[in-house]
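Asker: What follows is a structure written as C-alpha cells; I'll ask about it next.
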Amino acid sequence: MTSTPELPAVSRSELALRSRSKAPVVVPQEPVYSHAFPEDFDSVFEGSSTQRSTIGCVIPAYNEEESIAQVIEGLLSQTRVPDVIHVVVNNTTDKTVALASQFAGPHEITTELGEQFTEVFVHDIGKNPDKKVGALNYGYSLVEGYDYLLGVDGDTIAENHAVENLETEIISDTRIGGISAIYTIDNKPFKGLASFLISGQRSQFAAFNLQNLLRGRNMAVLGGQFSVFSTQALREVMEANHQSTPWVKDSEVEDSLLSLQIKSAGYLTKISPIARADVGGMTTLSGLDAQQVKWTYGAIELMWPGQRGDTKGQPFHPNLRIRWFENFGMLTNLFVRLAFILLLAGSLSLNAFVFSPIWLVPIAMAVLLNLRMAFTMQSRTRKDVLFALLIVPAELYMWIRLSHFARAWTRFLSKKKVDNWAMQAKAEKGGGLGHWTPFVVTAAVLVTIAIIWMMLGPVVQSTILWIGWPIVGAVTVLQTLMMFTKLVRRQHGYKV
C-alpha cells in the first residue's frame, strides 16, 4: 500500500467554525491506494474532489447499553470523523443514555488526514410512539443543514476508513442519493446455538451484498446500519411524496421505502465495495424470527400490487426486482424440500424407492456454491467454511429461513394488523414462542397427509408417485442449473 503523506493540520477553531457554518473544508488530495479494487471503482479515487463536505451523524438508539460506547468510539476513530454526532435515545429502559453521555461534548482528534474536530450530543427523547423512525427524523432535523446524513445503528461498528470511503464516492458523483457500507457480523464472540445463527446470518448477508455488487453496485436497500444520504436527495424525496420527514412510520421497512423513494427521485442508491461495518446479529431463534419476519413482511408490502394502508405497492420498481427473485427462490426451495420428503416417505411405504447417485448432484452443487460464498467473505473464519462444507448447518438454517418466509406471507395474506416492531422488541428480550408455529403446523400437515396416504389404494398411490417424482426432478434440475450459473459467474474481485 502506498504510504499516506502527513497532511497540514487545520486549527480546531477553524474546523469548528467551518463545520458549524457548513462551509466546505479543503484538504489536500489523497494518494490512490494500491488495493486490488474492482476496475469500476479505481476511477472514483482518481477523479475524487479535493473539497471536503459536511457530515452530520445520527445514531438512533434503543436499549443499546452493551454496544453504544463501542459505536461512538468507532466513529471517533474514523480517519474522516463526522462533523457532529447526535445520539438519539428513544424508549430506552437501560443505561444507554448514561453510557453515551460519557462521550458528550467536543472532541479534537488527530488522524492521518490531519486534525479534525467534532462534537457529540446525546438526546433522550423519552417515550416515542414512532420508535426508530421517530428517532431518525428527530436526528434529521438536527443535521438537515449538512451536506450528508450518516445513519448509524446503535450496534454497528465500522472499519476506521468507512466514512472516508463512503464520502469519497458520494461526492464524486452528484447522481448518488445514498450509499451503504458492506455489512457483516463479527462471529468470534459466539458459541453454541448463537454461533450457528450468526454463521447463517453472515452467509445470508454475504449473498445479499454480493448480489447488489454484481448488479452494478446498485443497492436495493440503503440499510440504516451504516449509510450516507445526501440531504439534498432527502429534501427532494420529502417534496415529491408530500412528507414532512424523510422516514415514514407506515412501513415495516422504513429504510427500504426510503431507498425506493430516493431511486424514484432520479438518484442512484449504491453499495460501496470497500467500506465495511460490523452490525449486531440475532443470537436467539425468537429474535431472528421476529427480525426476519418483519423484514420479509415489509418487503412484501412494498412489492404487492395495490395499496395496503398508506403505502402503495410498487411491484415493478427496479429496487424490488431482487426481492421478487428472493421470494420466488424461497417458494421454490420450500416446494422442493416438502415435496421430496412426502414423495420419499410415500415411496418407502410401498418399498418402491430406488436410490440414484444423481440426487447427490444438487447437494454437491449447493456445497460448492456455499463454499465459494464463504471464500468471498473478507473476514471469513473457520466457522464460515465449516458452515458451508458440512451441509447440515446450511440446510438447517435454510429451514429456519423458510419458516420466516411462511410466517411473513401468512401474516400478510391474513390482513391481520400486527405491530411487528413491538413483536421484535419482545422477541429480543426473550419473549414469545411464535417462531415455533411453522414447524408445529408443518408437523401437523405431514401427519394429516400420512393418514390420508394410508387411506388411498395402491393404484392411486402409485399414480401420485409417478406424477410427483418427475415434477420434483424437473424443478430440482432447474435449481441446480441456477446454482451452477452462480457458481461460475465472475465476481470481479469483490469481497463481502
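Note on naming: chains are A, B, ... as they come in the C-alpha cells, residues start from 1 per chain, ligands start from 1 in the order shown.
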Could I get the residues of region 165-227 of chain A with an atom no further than 12 Å from an atom of region 284-308 of chain A, each paired with its nearest atom pair and that distance in Å to one decimal, using only C-alpha atoms, sorted by chain and residue number, as JSON lines?

Answerer:
{"residue": "A:Phe190", "atom": "CA", "partner": "A:Thr284", "partner_atom": "CA", "distance": 11.5}
{"residue": "A:Lys191", "atom": "CA", "partner": "A:Thr284", "partner_atom": "CA", "distance": 11.9}
{"residue": "A:Gly192", "atom": "CA", "partner": "A:Thr284", "partner_atom": "CA", "distance": 10.8}
{"residue": "A:Leu193", "atom": "CA", "partner": "A:Thr284", "partner_atom": "CA", "distance": 7.6}
{"residue": "A:Ala194", "atom": "CA", "partner": "A:Thr284", "partner_atom": "CA", "distance": 6.4}
{"residue": "A:Ser195", "atom": "CA", "partner": "A:Thr284", "partner_atom": "CA", "distance": 10.0}
{"residue": "A:Phe196", "atom": "CA", "partner": "A:Thr284", "partner_atom": "CA", "distance": 10.0}
{"residue": "A:Leu197", "atom": "CA", "partner": "A:Thr284", "partner_atom": "CA", "distance": 7.5}
{"residue": "A:Ile198", "atom": "CA", "partner": "A:Thr284", "partner_atom": "CA", "distance": 9.5}
{"residue": "A:Gly200", "atom": "CA", "partner": "A:Leu288", "partner_atom": "CA", "distance": 10.6}
{"residue": "A:Gln201", "atom": "CA", "partner": "A:Leu288", "partner_atom": "CA", "distance": 9.1}
{"residue": "A:Gln204", "atom": "CA", "partner": "A:Gln292", "partner_atom": "CA", "distance": 11.3}
{"residue": "A:Ala220", "atom": "CA", "partner": "A:Ala299", "partner_atom": "CA", "distance": 10.9}
{"residue": "A:Val221", "atom": "CA", "partner": "A:Ala299", "partner_atom": "CA", "distance": 10.3}
{"residue": "A:Gly223", "atom": "CA", "partner": "A:Trp295", "partner_atom": "CA", "distance": 11.3}

Asker: Can you spit out the residues from that selection as a CSV table (one decimal), in the first residue's frame, using C-alpha atoms?

Answerer:
chain,number,residue,atom,x,y,z
A,190,PHE,CA,-20.3,-16.5,20.0
A,191,LYS,CA,-20.6,-20.2,20.7
A,192,GLY,CA,-23.2,-22.9,20.5
A,193,LEU,CA,-26.6,-22.0,19.0
A,194,ALA,CA,-25.7,-18.3,18.8
A,195,SER,CA,-22.6,-19.2,16.8
A,196,PHE,CA,-24.7,-21.3,14.4
A,197,LEU,CA,-27.3,-18.5,13.9
A,198,ILE,CA,-24.6,-15.9,13.4
A,200,GLY,CA,-26.2,-18.3,8.9
A,201,GLN,CA,-26.7,-14.6,9.1
A,204,GLN,CA,-27.2,-14.5,4.2
A,220,ALA,CA,-31.7,-2.4,-3.2
A,221,VAL,CA,-31.9,-1.2,0.4
A,223,GLY,CA,-29.8,-0.1,5.4

Asker: So which residues of region 50-180 of chain A fall under alpha helix (DSSP H) by DSSP, listed as a PDB file with C-alpha atoms, in the first residue's frame?

Answerer:
ATOM      1  CA  ILE A  68     -23.285   2.185  22.301  1.00  0.00           C
ATOM      2  CA  ALA A  69     -19.851   3.019  23.759  1.00  0.00           C
ATOM      3  CA  GLN A  70     -18.091   0.944  21.097  1.00  0.00           C
ATOM      4  CA  VAL A  71     -20.199   2.532  18.366  1.00  0.00           C
ATOM      5  CA  ILE A  72     -19.253   6.077  19.406  1.00  0.00           C
ATOM      6  CA  GLU A  73     -15.609   5.088  19.896  1.00  0.00           C
ATOM      7  CA  GLY A  74     -15.661   3.593  16.392  1.00  0.00           C
ATOM      8  CA  LEU A  75     -16.903   6.876  14.941  1.00  0.00           C
ATOM      9  CA  LEU A  76     -14.319   8.902  16.847  1.00  0.00           C
ATOM     10  CA  THR A  96     -27.804   3.765  27.108  1.00  0.00           C
ATOM     11  CA  VAL A  97     -28.101   7.465  27.975  1.00  0.00           C
ATOM     12  CA  ALA A  98     -25.585   7.315  30.820  1.00  0.00           C
ATOM     13  CA  LEU A  99     -23.015   5.398  28.767  1.00  0.00           C
ATOM     14  CA  ALA A 100     -23.404   7.600  25.690  1.00  0.00           C
ATOM     15  CA  SER A 101     -23.206  10.770  27.800  1.00  0.00           C
ATOM     16  CA  LYS A 131     -39.755   4.242  17.659  1.00  0.00           C
ATOM     17  CA  LYS A 132     -36.700   4.134  15.357  1.00  0.00           C
ATOM     18  CA  VAL A 133     -38.438   6.171  12.646  1.00  0.00           C
ATOM     19  CA  GLY A 134     -39.166   8.939  15.150  1.00  0.00           C
ATOM     20  CA  ALA A 135     -35.562   8.933  16.353  1.00  0.00           C
ATOM     21  CA  LEU A 136     -34.234   9.132  12.785  1.00  0.00           C
ATOM     22  CA  ASN A 137     -36.498  12.029  11.897  1.00  0.00           C
ATOM     23  CA  TYR A 138     -35.560  13.836  15.106  1.00  0.00           C
ATOM     24  CA  GLY A 139     -31.923  13.406  14.168  1.00  0.00           C
ATOM     25  CA  TYR A 140     -32.556  14.610  10.625  1.00  0.00           C
ATOM     26  CA  SER A 141     -33.994  17.855  11.966  1.00  0.00           C
ATOM     27  CA  LEU A 142     -30.645  18.445  13.699  1.00  0.00           C
ATOM     28  CA  VAL A 143     -28.418  17.824  10.663  1.00  0.00           C
ATOM     29  CA  ALA A 162     -15.591   3.565   6.298  1.00  0.00           C
ATOM     30  CA  VAL A 163     -16.773   7.191   6.499  1.00  0.00           C
ATOM     31  CA  GLU A 164     -13.836   8.357   4.381  1.00  0.00           C
ATOM     32  CA  ASN A 165     -14.581   5.774   1.677  1.00  0.00           C
ATOM     33  CA  LEU A 166     -18.320   6.498   1.617  1.00  0.00           C
ATOM     34  CA  GLU A 167     -17.724  10.250   1.456  1.00  0.00           C
ATOM     35  CA  THR A 168     -15.135   9.904  -1.310  1.00  0.00           C
ATOM     36  CA  GLU A 169     -17.581   8.101  -3.569  1.00  0.00           C
ATOM     37  CA  ILE A 170     -20.728  10.080  -2.859  1.00  0.00           C
TER      38      ILE A 170
END

Asker: Can you list, as a PyMOL selection string, every protein, DNA or RNA residue that comes within 7 Å of region 395-403 of chain A when you count only C-alpha atoms, leaving out same-chain residues fewer than 4 positions away?

Answerer: chain A and resi 200+330+334+391+407+438

Asker: Those selected residues, please, written with N, CA and C atoms and delivered as a PDB file, in the first residue's frame.

Answerer:
ATOM      1  N   GLY A 200     -25.104 -18.378   9.948  1.00  0.00           N
ATOM      2  CA  GLY A 200     -26.153 -18.320   8.934  1.00  0.00           C
ATOM      3  C   GLY A 200     -26.429 -16.907   8.475  1.00  0.00           C
ATOM      4  N   MET A 330     -37.287 -18.635  -2.482  1.00  0.00           N
ATOM      5  CA  MET A 330     -37.705 -19.263  -1.225  1.00  0.00           C
ATOM      6  C   MET A 330     -38.913 -20.182  -1.447  1.00  0.00           C
ATOM      7  N   LEU A 334     -38.958 -24.179  -0.701  1.00  0.00           N
ATOM      8  CA  LEU A 334     -39.963 -24.783   0.181  1.00  0.00           C
ATOM      9  C   LEU A 334     -40.676 -25.926  -0.520  1.00  0.00           C
ATOM     10  N   ILE A 391     -22.760 -29.219   5.166  1.00  0.00           N
ATOM     11  CA  ILE A 391     -24.101 -29.422   4.593  1.00  0.00           C
ATOM     12  C   ILE A 391     -25.212 -29.206   5.616  1.00  0.00           C
ATOM     13  N   ARG A 407     -44.149 -17.557   7.640  1.00  0.00           N
ATOM     14  CA  ARG A 407     -44.818 -16.725   8.646  1.00  0.00           C
ATOM     15  C   ARG A 407     -45.142 -15.341   8.093  1.00  0.00           C
ATOM     16  N   PRO A 438     -44.504 -22.320  12.547  1.00  0.00           N
ATOM     17  CA  PRO A 438     -44.383 -23.006  11.242  1.00  0.00           C
ATOM     18  C   PRO A 438     -43.996 -24.472  11.371  1.00  0.00           C
TER      19      PRO A 438
END

Asker: Please, what distance in Å, to one decimal, runs between CA of Ile185 (chain A) and CA of Gly281 (chain A)?

Answerer: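 These atoms are spaced 6.2 Å apart.
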
Asker: Work out how far CA of Gly224 (chain A) is from CA of Ser256 (chain A), in Å to one decimal.

Answerer: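 CA of Gly224 (chain A) lies 9.4 Å from CA of Ser256 (chain A).
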
Asker: Find the residues around Gln479 (chain A) up to 9 Å (only C-alpha atoms counted), leave out those fewer than 6 positions away in its own chain, and share them as a PyMOL selection string.

Answerer: chain A and resi 329+332-333+362

Asker: Could the residues in this selection be saved with N, CA and C atoms as a compact mmCIF listing (two decimals), in the first residue's frame?

Answerer:
# COMPACT_ATOMS: atom_id res chain seq x y z
N GLY A 329 -37.38 -17.66 -5.13
CA GLY A 329 -36.40 -18.67 -4.75
C GLY A 329 -36.79 -19.39 -3.47
N THR A 332 -39.64 -21.80 -4.18
CA THR A 332 -39.14 -22.99 -4.87
C THR A 332 -38.44 -23.93 -3.90
N ASN A 333 -37.61 -23.35 -3.01
CA ASN A 333 -36.92 -24.17 -2.01
C ASN A 333 -37.90 -24.89 -1.09
N PRO A 362 -27.32 -32.03 -6.95
CA PRO A 362 -27.73 -30.73 -6.40
C PRO A 362 -27.15 -30.44 -5.01
